>>> print(open('coords-v6.csv').read())   # CSV, C-alpha atoms
chain,number,residue,atom,x,y,z
R,1399,MET,CA,14.4,-8.8,72.2
R,1400,SER,CA,13.7,-7.9,68.6
R,1401,VAL,CA,12.1,-10.3,66.2
R,1402,PHE,CA,14.5,-8.9,63.5
R,1403,LYS,CA,17.6,-9.9,65.6
R,1404,ASP,CA,18.9,-12.5,63.1
R,1405,ALA,CA,17.3,-11.0,60.0
R,1406,GLY,CA,20.1,-8.6,58.9
R,1407,HIS,CA,21.0,-10.7,55.9
R,1408,LEU,CA,17.4,-10.5,54.7
R,1409,PHE,CA,17.4,-6.7,54.8
R,1410,ARG,CA,20.7,-6.6,53.0
R,1411,PHE,CA,19.2,-8.8,50.3
R,1412,ALA,CA,16.0,-6.8,50.1
R,1413,GLY,CA,18.1,-3.6,49.8
R,1414,LEU,CA,19.9,-5.2,46.8
R,1415,PHE,CA,16.6,-6.1,45.3
R,1416,VAL,CA,15.3,-2.5,45.7
R,1417,LEU,CA,18.5,-1.1,44.2
R,1418,ALA,CA,18.4,-3.4,41.2
R,1419,PHE,CA,14.8,-2.4,40.7
R,1420,LEU,CA,15.7,1.3,40.7
R,1421,VAL,CA,18.5,0.6,38.3
R,1422,PHE,CA,16.0,-1.2,36.1
R,1423,LEU,CA,13.6,1.8,36.2
R,1424,VAL,CA,16.3,4.2,35.3
R,1425,VAL,CA,17.6,2.1,32.4
R,1426,ARG,CA,14.1,1.5,31.2
R,1427,HIS,CA,13.4,5.3,31.2
R,1428,TYR,CA,16.3,5.9,28.9
R,1429,VAL,CA,15.9,2.8,26.7
R,1430,VAL,CA,12.2,2.8,25.9
R,1431,PRO,CA,11.4,5.6,23.4
R,1432,LYS,CA,9.2,8.4,24.6
R,1433,SER,CA,6.3,7.7,22.3
R,1434,PHE,CA,6.2,3.9,22.9
R,1435,GLY,CA,2.7,3.0,24.0
R,1436,GLU,CA,1.1,6.2,22.8
R,1437,TYR,CA,-1.4,4.3,20.6
R,1438,GLY,CA,-0.4,0.7,21.4
R,1439,HIS,CA,2.5,-1.6,21.9
R,1440,TYR,CA,4.7,0.3,19.4
R,1441,ARG,CA,6.5,3.6,19.0
R,1442,GLY,CA,3.8,6.2,18.2
R,1443,ALA,CA,6.3,8.6,16.6
R,1444,ALA,CA,7.0,5.9,13.9
R,1445,ILE,CA,3.7,6.8,12.3
R,1446,GLY,CA,4.8,10.4,11.7
R,1447,GLU,CA,8.2,9.2,10.4
R,1448,ILE,CA,6.6,6.9,7.9
R,1449,ALA,CA,4.2,9.7,6.8
R,1450,ALA,CA,7.2,12.0,6.3
R,1451,HIS,CA,8.6,9.9,3.4
R,1452,PRO,CA,8.9,12.1,0.3
R,1453,ILE,CA,6.4,11.6,-2.5
R,1454,ARG,CA,7.5,10.8,-6.1
R,1455,PHE,CA,4.1,10.8,-7.9
R,1456,ALA,CA,2.6,14.3,-7.8
R,1457,GLY,CA,-1.0,13.1,-8.4
R,1458,HIS,CA,-3.2,14.1,-11.4
R,1459,ASP,CA,-4.8,17.1,-9.6
R,1460,THR,CA,-1.3,18.7,-9.3
R,1461,CYS,CA,-0.7,18.1,-13.1
R,1462,GLU,CA,-4.0,19.5,-14.1
R,1463,ALA,CA,-3.5,22.7,-12.1
R,1464,CYS,CA,-1.0,23.8,-14.8
R,1465,HIS,CA,-1.8,21.6,-17.8
R,1466,ALA,CA,-5.6,22.1,-17.8
R,1467,ASP,CA,-5.5,22.3,-21.6
R,1468,VAL,CA,-4.1,18.8,-22.0
R,1469,ALA,CA,-6.3,17.5,-19.2
R,1470,GLU,CA,-9.4,18.7,-21.1
R,1471,ILE,CA,-8.4,16.9,-24.3
R,1472,LYS,CA,-7.6,13.7,-22.3
R,1473,ASN,CA,-10.8,13.8,-20.3
R,1474,SER,CA,-12.9,14.1,-23.4
R,1475,GLY,CA,-11.3,11.1,-25.0
R,1476,LYS,CA,-10.9,7.3,-24.4
R,1477,HIS,CA,-8.0,7.9,-22.0
R,1478,ALA,CA,-10.1,10.0,-19.6
R,1479,HIS,CA,-9.6,7.6,-16.7
R,1480,VAL,CA,-5.9,7.2,-17.3
R,1481,ASN,CA,-4.0,9.5,-14.9
R,1482,CYS,CA,-1.1,11.6,-16.3
R,1483,GLU,CA,1.6,9.8,-14.5
R,1484,ALA,CA,0.5,6.4,-15.6
R,1485,CYS,CA,2.3,7.2,-18.9
R,1486,HIS,CA,4.5,10.2,-18.0
R,1487,GLY,CA,6.0,8.6,-14.9
R,1488,ALA,CA,6.5,10.1,-11.5
R,1489,GLN,CA,6.7,13.9,-11.7
R,1490,ALA,CA,6.7,15.2,-8.2
R,1491,ARG,CA,10.2,16.6,-8.8
R,1492,HIS,CA,8.9,18.5,-11.9
R,1493,ALA,CA,5.8,19.7,-10.1
R,1494,GLY,CA,7.6,20.6,-6.9
R,1495,ALA,CA,10.4,22.5,-8.5
R,1496,ASP,CA,10.4,26.3,-8.3
R,1497,ASP,CA,11.0,26.4,-12.0
R,1498,PRO,CA,9.4,23.2,-13.5
R,1499,SER,CA,11.4,23.5,-16.7
R,1500,THR,CA,14.5,22.5,-14.7
R,1501,ALA,CA,13.1,19.0,-14.2
R,1502,LYS,CA,11.4,18.5,-17.6
R,1503,PRO,CA,9.8,15.1,-18.0
R,1504,VAL,CA,11.1,12.9,-20.8
R,1505,LEU,CA,8.6,12.4,-23.6
R,1506,PRO,CA,7.6,8.7,-23.6
R,1507,ASP,CA,8.4,6.6,-26.6
R,1508,THR,CA,5.0,5.6,-27.9
R,1509,THR,CA,6.3,2.5,-29.6
R,1510,VAL,CA,7.1,1.0,-26.2
R,1511,LEU,CA,4.6,2.8,-24.0
R,1512,CYS,CA,1.4,2.0,-25.9
R,1513,ALA,CA,2.4,-1.6,-26.4
R,1514,ARG,CA,2.6,-2.1,-22.7
R,1515,CYS,CA,-1.2,-1.9,-22.4
R,1516,HIS,CA,-2.4,-2.5,-26.0
R,1517,THR,CA,-0.4,-5.5,-27.2
R,1518,ALA,CA,-2.9,-8.3,-28.0
R,1519,SER,CA,-2.9,-11.2,-25.6
R,1520,ALA,CA,-5.4,-13.9,-25.0
R,1521,ALA,CA,-5.0,-13.3,-21.3
R,1522,LYS,CA,-6.3,-9.7,-21.4
R,1523,PRO,CA,-10.0,-8.9,-20.8
R,1524,LYS,CA,-11.9,-9.3,-24.1
R,1525,GLY,CA,-13.4,-5.8,-24.1
R,1526,PHE,CA,-10.0,-4.1,-23.9
R,1527,PRO,CA,-8.7,-2.6,-27.1
R,1528,GLN,CA,-5.7,-4.7,-28.3
R,1529,VAL,CA,-3.6,-4.8,-31.4
R,1530,VAL,CA,-0.8,-7.0,-32.7
R,1531,PRO,CA,1.9,-4.3,-33.0
R,1532,ALA,CA,3.7,-6.0,-36.0
R,1533,ASP,CA,0.4,-6.3,-38.0
R,1534,HIS,CA,-1.1,-3.0,-36.9
R,1535,TYR,CA,1.5,-0.7,-38.3
R,1536,ALA,CA,5.0,-2.3,-38.3
R,1537,GLY,CA,7.8,-0.2,-36.9
R,1538,LEU,CA,6.1,3.2,-36.8
R,1539,PRO,CA,5.6,4.9,-33.5
R,1540,CYS,CA,1.9,5.0,-32.5
R,1541,ASP,CA,1.8,8.8,-32.3
R,1542,THR,CA,2.4,8.9,-36.1
R,1543,CYS,CA,-1.4,8.4,-36.5
R,1544,HIS,CA,-2.9,8.6,-32.9
R,1545,LYS,CA,-2.9,11.4,-30.5
R,1546,PRO,CA,-2.0,9.7,-27.3
R,1547,HIS,CA,-4.2,12.0,-25.1
R,1548,SER,CA,-7.3,11.2,-27.2
R,1549,PRO,CA,-6.4,8.2,-29.3
R,1550,ALA,CA,-9.7,7.1,-31.0
R,1551,MET,CA,-9.4,7.7,-34.8
R,1552,ASP,CA,-13.1,8.5,-35.2
R,1553,ALA,CA,-13.2,11.0,-32.4
R,1554,GLY,CA,-10.7,13.4,-34.0
R,1555,GLY,CA,-7.9,11.4,-32.6
R,1556,ALA,CA,-6.2,11.0,-36.0
R,1557,LYS,CA,-3.4,13.4,-36.7
H,1203,MET,CA,-7.6,36.6,44.3
H,1204,ASN,CA,-7.8,34.3,47.2
H,1205,ILE,CA,-7.5,30.6,46.6
H,1206,SER,CA,-8.0,28.3,49.5
H,1207,ARG,CA,-5.9,25.3,50.2
H,1208,ARG,CA,-8.8,23.1,49.3
H,1209,GLN,CA,-9.1,24.7,45.9
H,1210,ILE,CA,-5.4,24.3,45.2
H,1211,MET,CA,-5.6,20.6,46.0
H,1212,ILE,CA,-8.3,20.3,43.4
H,1213,LEU,CA,-6.7,22.6,40.8
H,1214,LEU,CA,-3.2,21.1,40.9
H,1215,PRO,CA,-4.0,17.6,39.6
H,1216,ALA,CA,-6.3,19.1,36.9
H,1217,ALA,CA,-3.4,21.4,35.8
H,1218,ALA,CA,-1.0,18.4,35.7
H,1219,VAL,CA,-3.4,16.5,33.4
H,1220,ALA,CA,-3.8,19.5,31.1
H,1221,TRP,CA,0.0,20.1,31.0
H,1222,LYS,CA,0.5,16.4,29.9
H,1223,TYR,CA,-1.6,17.1,26.8
H,1224,VAL,CA,0.3,20.3,26.1
H,1225,LEU,CA,3.5,18.4,26.3
H,1226,ALA,CA,2.2,15.6,24.1
H,1227,GLY,CA,1.9,18.1,21.3
H,1228,THR,CA,0.2,17.5,17.9
H,1229,PRO,CA,0.9,14.6,15.6
H,1230,GLU,CA,3.7,15.1,13.1
H,1231,GLU,CA,1.7,14.4,10.0
H,1232,SER,CA,-0.5,16.8,8.0
H,1233,PRO,CA,-2.4,19.2,10.3
H,1234,ASN,CA,-5.8,18.4,8.6
H,1235,TYR,CA,-5.4,14.7,8.8
H,1236,LYS,CA,-7.0,12.9,11.7
H,1237,MET,CA,-6.2,9.2,12.0
H,1238,SER,CA,-9.4,8.4,13.8
H,1239,ASP,CA,-11.4,9.6,10.8
H,1240,HIS,CA,-10.1,6.9,8.4
H,1241,TRP,CA,-10.0,3.1,8.0
H,1242,TRP,CA,-8.1,2.4,4.8
H,1243,SER,CA,-8.6,-0.5,2.4
H,1244,MET,CA,-8.2,-1.2,-1.2
H,1245,LEU,CA,-10.6,-2.5,-3.9
H,1246,ILE,CA,-9.2,-4.6,-6.8
H,1247,ASP,CA,-11.5,-5.0,-9.8
H,1248,ILE,CA,-10.1,-8.2,-11.4
H,1249,PRO,CA,-12.0,-7.9,-14.7
H,1250,LYS,CA,-10.4,-4.5,-15.3
H,1251,CYS,CA,-6.8,-5.6,-14.8
H,1252,ILE,CA,-4.8,-5.9,-18.0
H,1253,GLY,CA,-1.5,-7.0,-16.5
H,1254,CYS,CA,0.5,-4.0,-17.7
H,1255,GLY,CA,2.6,-3.9,-14.5
H,1256,ASN,CA,2.3,-0.1,-14.1
H,1257,CYS,CA,1.4,-0.6,-10.4
H,1258,VAL,CA,4.5,-2.7,-9.7
H,1259,ARG,CA,6.8,-0.1,-11.4
H,1260,ALA,CA,5.1,2.8,-9.7
H,1261,CYS,CA,5.4,1.2,-6.3
H,1262,GLN,CA,9.1,0.6,-6.9
H,1263,THR,CA,9.6,4.2,-7.9
H,1264,GLU,CA,7.6,5.7,-5.1
H,1265,ASN,CA,8.9,3.5,-2.3
H,1266,ASP,CA,12.5,2.6,-3.4
H,1267,VAL,CA,11.6,-1.1,-3.4
H,1268,PRO,CA,14.8,-3.1,-4.1
H,1269,ASP,CA,14.9,-5.2,-7.3
H,1270,LYS,CA,13.5,-8.8,-6.9
H,1271,ASN,CA,11.5,-7.7,-3.9
H,1272,PHE,CA,7.9,-6.6,-4.2
H,1273,ARG,CA,5.4,-4.6,-2.1
H,1274,THR,CA,2.9,-5.3,-4.8
H,1275,TRP,CA,3.0,-7.7,-7.7
H,1276,VAL,CA,0.7,-9.1,-10.3
H,1277,GLU,CA,0.0,-12.8,-11.0
H,1278,ARG,CA,-1.5,-14.2,-14.1
H,1279,TYR,CA,-3.8,-17.2,-13.8
H,1280,HIS,CA,-4.7,-19.7,-16.5
H,1281,ILE,CA,-7.4,-22.2,-15.8
H,1282,SER,CA,-7.8,-24.9,-18.5
H,1283,ASP,CA,-11.1,-25.8,-20.1
H,1284,TRP,CA,-10.7,-29.3,-18.6
H,1285,GLN,CA,-10.4,-27.9,-15.1
H,1286,MET,CA,-13.3,-25.6,-15.5
H,1287,ALA,CA,-15.4,-28.6,-16.7
H,1288,ASN,CA,-14.3,-30.7,-13.7
H,1289,PRO,CA,-14.2,-28.3,-10.8
H,1290,LEU,CA,-13.9,-31.1,-8.2
H,1291,GLY,CA,-11.0,-32.8,-9.9
H,1292,GLY,CA,-8.7,-29.9,-9.6
H,1293,MET,CA,-6.7,-28.1,-6.9
H,1294,THR,CA,-4.6,-31.0,-5.6
H,1295,ASN,CA,-3.8,-32.6,-9.0
H,1296,PRO,CA,-0.7,-31.0,-10.6
H,1297,MET,CA,-2.2,-31.8,-14.0
H,1298,THR,CA,-5.2,-29.6,-13.3
H,1299,ASP,CA,-3.9,-26.9,-11.0
H,1300,PRO,CA,-4.2,-23.4,-12.4
H,1301,GLN,CA,-1.1,-22.2,-14.1
H,1302,VAL,CA,0.2,-19.1,-12.3
H,1303,ILE,CA,3.0,-17.0,-13.6
H,1304,SER,CA,4.4,-13.7,-12.3
H,1305,PRO,CA,7.7,-13.0,-14.2
H,1306,ASP,CA,9.6,-10.4,-12.1
H,1307,GLY,CA,6.4,-9.7,-10.2
H,1308,GLY,CA,4.8,-8.6,-13.5
H,1309,LYS,CA,7.0,-5.5,-13.5
H,1310,GLU,CA,7.6,-5.6,-17.2
H,1311,GLY,CA,4.2,-7.0,-18.1
H,1312,PHE,CA,3.5,-10.6,-19.2
H,1313,PRO,CA,4.4,-12.7,-22.2
H,1314,VAL,CA,1.7,-12.7,-24.9
H,1315,ALA,CA,-0.7,-15.6,-24.3
H,1316,THR,CA,-1.5,-17.4,-27.5
H,1317,ASP,CA,-3.5,-20.4,-26.1
H,1318,GLU,CA,-7.1,-19.1,-26.5
H,1319,SER,CA,-8.6,-21.9,-24.5
H,1320,GLY,CA,-9.5,-21.8,-20.8
H,1321,LYS,CA,-9.8,-18.7,-18.7
H,1322,TYR,CA,-7.2,-16.1,-18.0
H,1323,PHE,CA,-7.2,-13.3,-15.4
H,1324,PHE,CA,-4.7,-11.1,-13.6
H,1325,VAL,CA,-4.5,-10.8,-9.8
H,1326,PRO,CA,-2.7,-7.9,-8.4
H,1327,LYS,CA,-1.5,-8.6,-4.9
H,1328,LEU,CA,-0.3,-6.4,-2.0
H,1329,CYS,CA,-0.5,-6.3,1.8
H,1330,ASN,CA,-4.1,-6.9,2.8
H,1331,HIS,CA,-3.8,-4.5,5.7
H,1332,CYS,CA,-5.6,-7.0,7.9
H,1333,ALA,CA,-7.6,-5.8,10.8
H,1334,ASP,CA,-6.4,-8.8,12.8
H,1335,SER,CA,-3.1,-9.2,11.2
H,1336,PRO,CA,-1.0,-12.3,12.1
H,1337,CYS,CA,2.2,-10.4,11.2
H,1338,THR,CA,1.8,-7.7,13.9
H,1339,GLN,CA,0.9,-10.3,16.5
H,1340,VAL,CA,4.2,-12.2,16.2
H,1341,CYS,CA,6.6,-9.3,16.4
H,1342,PRO,CA,8.6,-9.7,19.6
H,1343,VAL,CA,9.6,-6.1,19.9
H,1344,GLY,CA,6.6,-4.1,18.8
H,1345,ALA,CA,8.2,-2.9,15.6
H,1346,THR,CA,5.1,-3.6,13.4
H,1347,PHE,CA,1.7,-2.5,14.2
H,1348,ILE,CA,-1.8,-1.6,12.9
H,1349,SER,CA,-2.0,2.2,12.9
H,1350,PRO,CA,-5.2,3.8,14.3
H,1351,ASP,CA,-6.3,4.4,10.6
H,1352,GLY,CA,-6.0,0.7,9.8
H,1353,VAL,CA,-2.7,0.5,7.9
H,1354,VAL,CA,-0.1,-2.2,8.9
H,1355,LEU,CA,3.2,-0.5,9.2
H,1356,VAL,CA,6.8,-1.3,10.1
H,1357,ASP,CA,8.9,0.9,12.4
H,1358,GLN,CA,12.2,0.2,10.7
H,1359,THR,CA,14.3,1.9,13.3
H,1360,TYR,CA,12.9,-0.6,15.9
H,1361,CYS,CA,12.8,-3.8,13.8
H,1362,LEU,CA,15.4,-6.4,14.6
H,1363,GLY,CA,15.0,-8.2,11.2
H,1364,CYS,CA,14.1,-11.5,12.9
H,1365,ALA,CA,11.7,-12.2,10.0
H,1366,TYR,CA,9.0,-13.8,12.2
H,1367,CYS,CA,6.5,-11.5,10.5
H,1368,VAL,CA,7.7,-12.6,7.1
H,1369,GLN,CA,6.8,-16.2,8.0
H,1370,ALA,CA,3.6,-15.2,9.7
H,1371,CYS,CA,2.0,-13.4,6.8
H,1372,PRO,CA,-0.2,-15.9,5.0
H,1373,TYR,CA,-0.1,-13.8,1.8
H,1374,GLY,CA,3.6,-13.5,1.4
H,1375,CYS,CA,3.5,-9.8,1.5
H,1376,ARG,CA,6.6,-9.1,3.6
H,1377,TYR,CA,10.3,-9.4,2.9
H,1378,ILE,CA,13.6,-8.5,4.6
H,1379,HIS,CA,15.1,-5.5,2.9
H,1380,PRO,CA,18.5,-6.7,1.5
H,1381,VAL,CA,20.3,-3.5,2.5
H,1382,LYS,CA,18.5,-2.3,5.6
H,1383,LYS,CA,18.1,-5.9,6.9
H,1384,VAL,CA,14.8,-5.1,8.4
H,1385,ALA,CA,11.2,-6.1,7.5
H,1386,ASP,CA,9.7,-4.1,4.6
H,1387,LYS,CA,6.2,-4.1,3.2
H,1388,CYS,CA,3.5,-2.1,1.5
H,1389,THR,CA,2.6,1.0,3.6
H,1390,LEU,CA,-0.5,1.6,1.5
H,1391,CYS,CA,1.6,4.7,0.6
H,1392,TYR,CA,1.0,6.1,4.1
H,1393,HIS,CA,3.0,9.2,3.2
H,1394,ARG,CA,0.6,9.9,0.4
H,1395,ILE,CA,-2.8,9.0,1.8
H,1396,THR,CA,-2.2,11.2,4.8
H,1397,LYS,CA,-1.6,14.1,2.4
H,1398,GLY,CA,-4.9,13.5,0.6
H,1399,LEU,CA,-3.3,11.7,-2.4
H,1400,THR,CA,-4.1,8.2,-3.6
H,1401,THR,CA,-1.4,5.4,-3.5
H,1402,ALA,CA,1.2,5.3,-6.2
H,1403,CYS,CA,-0.2,2.1,-7.6
H,1404,CYS,CA,-3.7,3.5,-7.9
H,1405,GLU,CA,-2.4,6.7,-9.4
H,1406,ALA,CA,-0.5,4.7,-12.1
H,1407,CYS,CA,-3.2,2.1,-12.8
H,1408,PRO,CA,-4.5,3.0,-16.3
H,1409,THR,CA,-7.8,1.0,-16.1
H,1410,GLY,CA,-9.0,1.8,-12.5
H,1411,ALA,CA,-8.5,-1.8,-11.5
H,1412,ARG,CA,-7.0,-0.6,-8.2
H,1413,GLN,CA,-8.9,1.9,-6.0
H,1414,LEU,CA,-7.9,3.2,-2.6
H,1415,ALA,CA,-10.9,3.1,-0.3
H,1416,ASP,CA,-11.7,4.6,3.1
H,1417,LEU,CA,-14.2,2.5,4.9
H,1418,LYS,CA,-14.9,5.2,7.5
H,1419,ASN,CA,-15.9,7.7,4.8
H,1420,PRO,CA,-19.6,7.3,4.3
H,1421,LYS,CA,-19.3,9.0,0.8
H,1422,ASP,CA,-16.7,6.6,-0.4
H,1423,PRO,CA,-18.0,4.6,-3.5
H,1424,ILE,CA,-16.7,1.4,-1.9
H,1425,HIS,CA,-19.8,1.0,0.2
H,1426,GLU,CA,-22.1,1.0,-2.9
H,1427,PHE,CA,-19.6,-1.3,-4.7
H,1428,LEU,CA,-19.4,-3.9,-1.8
H,1429,LYS,CA,-23.3,-4.1,-1.8
H,1430,THR,CA,-23.7,-4.5,-5.5
H,1431,HIS,CA,-20.8,-6.8,-6.5
H,1432,SER,CA,-19.5,-10.3,-5.7
H,1433,VAL,CA,-16.5,-9.2,-3.6
H,1434,GLN,CA,-14.2,-11.5,-1.7
H,1435,VAL,CA,-10.9,-11.3,0.3
H,1436,LEU,CA,-8.0,-13.7,0.0
H,1437,LYS,CA,-7.9,-16.7,2.4
H,1438,PRO,CA,-11.1,-15.7,4.3
H,1439,GLN,CA,-10.7,-19.0,6.3
H,1440,MET,CA,-7.7,-17.5,8.1
H,1441,ALA,CA,-9.9,-14.8,9.7
H,1442,THR,CA,-7.2,-12.2,9.2
H,1443,GLY,CA,-9.8,-9.4,8.6
H,1444,ALA,CA,-8.1,-8.7,5.2
H,1445,LYS,CA,-9.1,-5.3,3.8
H,1446,VAL,CA,-8.1,-5.7,0.2
H,1447,PHE,CA,-11.3,-6.6,-1.6
H,1448,TYR,CA,-11.3,-8.4,-4.9
H,1449,ASN,CA,-14.2,-8.1,-7.3
H,1450,ASP,CA,-15.0,-11.3,-9.3
H,1451,LEU,CA,-12.3,-13.4,-7.7
H,1452,ASP,CA,-12.0,-16.9,-9.1
H,1453,GLY,CA,-12.0,-19.7,-6.5
H,1454,ALA,CA,-8.7,-20.9,-7.8
H,1455,VAL,CA,-6.8,-17.9,-6.3
H,1456,ARG,CA,-5.0,-18.7,-3.1
>>> encode(input="coords-v6.csv", output="structure tokens")
Amino acid sequence: MSVFKDAGHLFRFAGLFVLAFLVFLVVRHYVVPKSFGEYGHYRGAAIGEIAAHPIRFAGHDTCEACHADVAEIKNSGKHAHVNCEACHGAQARHAGADDPSTAKPVLPDTTVLCARCHTASAAKPKGFPQVVPADHYAGLPCDTCHKPHSPAMDAGGAK
Amino acid sequence: MNISRRQIMILLPAAAVAWKYVLAGTPEESPNYKMSDHWWSMLIDIPKCIGCGNCVRACQTENDVPDKNFRTWVERYHISDWQMANPLGGMTNPMTDPQVISPDGGKEGFPVATDESGKYFFVPKLCNHCADSPCTQVCPVGATFISPDGVVLVDQTYCLGCAYCVQACPYGCRYIHPVKKVADKCTLCYHRITKGLTTACCEACPTGARQLADLKNPKDPIHEFLKTHSVQVLKPQMATGAKVFYNDLDGAVR
């Protein structure tokens, strides 16, 4: 006499359990991304996807590769530490084009551009050069007198 | 060549392990970039910040940040003479709390300050890329994580948009993207730093107030700077392991 005589219903239930587990494994195989868990509890491939985002700012090294003459003037003046794209805006499209003249950067309006940094305000660090635009030279664009790449008047910055 | 059954039994598992690495392939990013060689952070030199908003605009351009949302923003603090003279009277008293403004995140700069009294300073803020970040710990699906090079990232194809992480961040650095409906935040310009470029905000900063730093690079000037300056992180009491270091940070900043 077998001990399993009246256990048929248990085997059927265990069989269902195993079947459900197999279904779970199959579904899990297809639902969980391949790279999940590669580095941790996340999809490892996401790192590469985020790194593949296109750049918009080319970086000053790229600018200086072609515009070395301008970079030399800038780097000898007061704006040495100001990167090209801080004023000229994002230029990866210009730098990355086969013919850069097809994506020519717009020349910034110095009346607006210079004022962004150099408008006098009690909130700015005291050592930073500041002017009240209306008193300094009302209405005229800054590049009437200053060379934006090397703006100091006593260092040959005057036009 | 004769290979015994014993040798095959040893060689097969070894070949299987080797094949697994062949299948895994190389990472998708730049071939010269090794994640294990970097541990990214940022240095913010408060006395150098002039509040021009260049960083905020550059970030929006580089990363397509929707209007009214910010991956980085600038706050202007004004602490009155009275509060500076009575440091223990402040903080909880609305009369003496520092006045903080950040119009449109400082994107278009700040209104001219005419009140000469007291102390003013600008505080640029961004994701602190915490080493023990609360935001990655609360994600129920593993959509946000700290990359092996120390950058807190969001896998936007995996994110559900539940916004737990937005609530968990003690610095308010995350938002739900109004179009994609998923969490969005500063990636420390991961697509740039892996190509050897600096971040868009650092590239656009005219005064050098923001500097990208690699803590695993022994030649990075940050090591010298951290030793010789009074450098703090935001909310150190929360033990988040924040990696955005602020030089000369006023105690009023929260």
>>> residues_around(input="coords-v6.csv", residues="range 1461-1463 of chain R", least_positions_apart="2", cutoff="10 Å", atoms="only C-alpha atoms", output="list in words")
Ala1456, Gly1457, His1458, Asp1459, His1465, Ala1466, Asp1467, Val1468, Ala1469, Glu1470, Asn1481, Cys1482, Glu1483, Gln1489, Ala1490, His1492 and Ala1493 of chain R
>>> write_last_selection(input="coords-v6.csv", atoms="C-alpha atoms", output="CSV table (one decimal), in the frame of the given file")
chain,number,residue,atom,x,y,z
R,1456,ALA,CA,2.6,14.3,-7.8
R,1457,GLY,CA,-1.0,13.1,-8.4
R,1458,HIS,CA,-3.2,14.1,-11.4
R,1459,ASP,CA,-4.8,17.1,-9.6
R,1465,HIS,CA,-1.8,21.6,-17.8
R,1466,ALA,CA,-5.6,22.1,-17.8
R,1467,ASP,CA,-5.5,22.3,-21.6
R,1468,VAL,CA,-4.1,18.8,-22.0
R,1469,ALA,CA,-6.3,17.5,-19.2
R,1470,GLU,CA,-9.4,18.7,-21.1
R,1481,ASN,CA,-4.0,9.5,-14.9
R,1482,CYS,CA,-1.1,11.6,-16.3
R,1483,GLU,CA,1.6,9.8,-14.5
R,1489,GLN,CA,6.7,13.9,-11.7
R,1490,ALA,CA,6.7,15.2,-8.2
R,1492,HIS,CA,8.9,18.5,-11.9
R,1493,ALA,CA,5.8,19.7,-10.1
>>> interface_residues(input="coords-v6.csv", of="chain R", to="chain H", cutoff="7 Å", atoms="all atoms listed in the file", output="list of chain:residue names")
R:His1439, R:Tyr1440, R:Ala1444, R:Gly1446, R:Ile1448, R:Ala1449, R:Ala1450, R:His1451, R:Ile1453, R:Arg1454, R:Phe1455, R:Gly1457, R:His1479, R:Val1480, R:Asn1481, R:Glu1483, R:Ala1484, R:Arg1514, R:Cys1515, R:Ser1519, R:Ala1520, R:Ala1521, R:Lys1522, R:Pro1523
>>> write_last_selection(input="coords-v6.csv", atoms="C-alpha atoms", output="mmCIF file, keeping the file's coordinate frame")
data_model
loop_
_atom_site.group_PDB
_atom_site.id
_atom_site.type_symbol
_atom_site.label_atom_id
_atom_site.label_comp_id
_atom_site.auth_asym_id
_atom_site.auth_seq_id
_atom_site.Cartn_x
_atom_site.Cartn_y
_atom_site.Cartn_z
ATOM 1 C CA HIS R 1439 2.500 -1.600 21.900
ATOM 2 C CA TYR R 1440 4.700 0.300 19.400
ATOM 3 C CA ALA R 1444 7.000 5.900 13.900
ATOM 4 C CA GLY R 1446 4.800 10.400 11.700
ATOM 5 C CA ILE R 1448 6.600 6.900 7.900
ATOM 6 C CA ALA R 1449 4.200 9.700 6.800
ATOM 7 C CA ALA R 1450 7.200 12.000 6.300
ATOM 8 C CA HIS R 1451 8.600 9.900 3.400
ATOM 9 C CA ILE R 1453 6.400 11.600 -2.500
ATOM 10 C CA ARG R 1454 7.500 10.800 -6.100
ATOM 11 C CA PHE R 1455 4.100 10.800 -7.900
ATOM 12 C CA GLY R 1457 -1.000 13.100 -8.400
ATOM 13 C CA HIS R 1479 -9.600 7.600 -16.700
ATOM 14 C CA VAL R 1480 -5.900 7.200 -17.300
ATOM 15 C CA ASN R 1481 -4.000 9.500 -14.900
ATOM 16 C CA GLU R 1483 1.600 9.800 -14.500
ATOM 17 C CA ALA R 1484 0.500 6.400 -15.600
ATOM 18 C CA ARG R 1514 2.600 -2.100 -22.700
ATOM 19 C CA CYS R 1515 -1.200 -1.900 -22.400
ATOM 20 C CA SER R 1519 -2.900 -11.200 -25.600
ATOM 21 C CA ALA R 1520 -5.400 -13.900 -25.000
ATOM 22 C CA ALA R 1521 -5.000 -13.300 -21.300
ATOM 23 C CA LYS R 1522 -6.300 -9.700 -21.400
ATOM 24 C CA PRO R 1523 -10.000 -8.900 -20.800
#
>>> residues_around(input="coords-v6.csv", residues="Pro1531 in chain R", least_positions_apart="4", cutoff="9 Å", atoms="only C-alpha atoms", output="JSON, numbers by chain")
{"R": [1509, 1513, 1516, 1517, 1518, 1535, 1536, 1537]}
>>> closest_residue(input="coords-v6.csv", among="R:Gly1442, R:Asp1541, R:Leu1408, R:Gly1525", to="Pro1506 in chain R", atoms="only C-alpha atoms")
R:Asp1541
>>> residues_near_point(input="coords-v6.csv", point="(5.4, -1.2, -0.1)", cutoff="8 Å", atoms="all atoms listed in the file", output="list in words")
Cys1261, Gln1262, Asn1265, Val1267, Phe1272, Arg1273, Thr1274, Leu1328, Asp1386, Lys1387, Cys1388, Thr1389, Leu1390 and Cys1391 of chain H
>>> closest_residue(input="coords-v6.csv", among="H:Trp1275, H:Tyr1235, H:Phe1427, H:Tyr1373", to="Met1440 in chain H", atoms="all atoms listed in the file")
H:Tyr1373
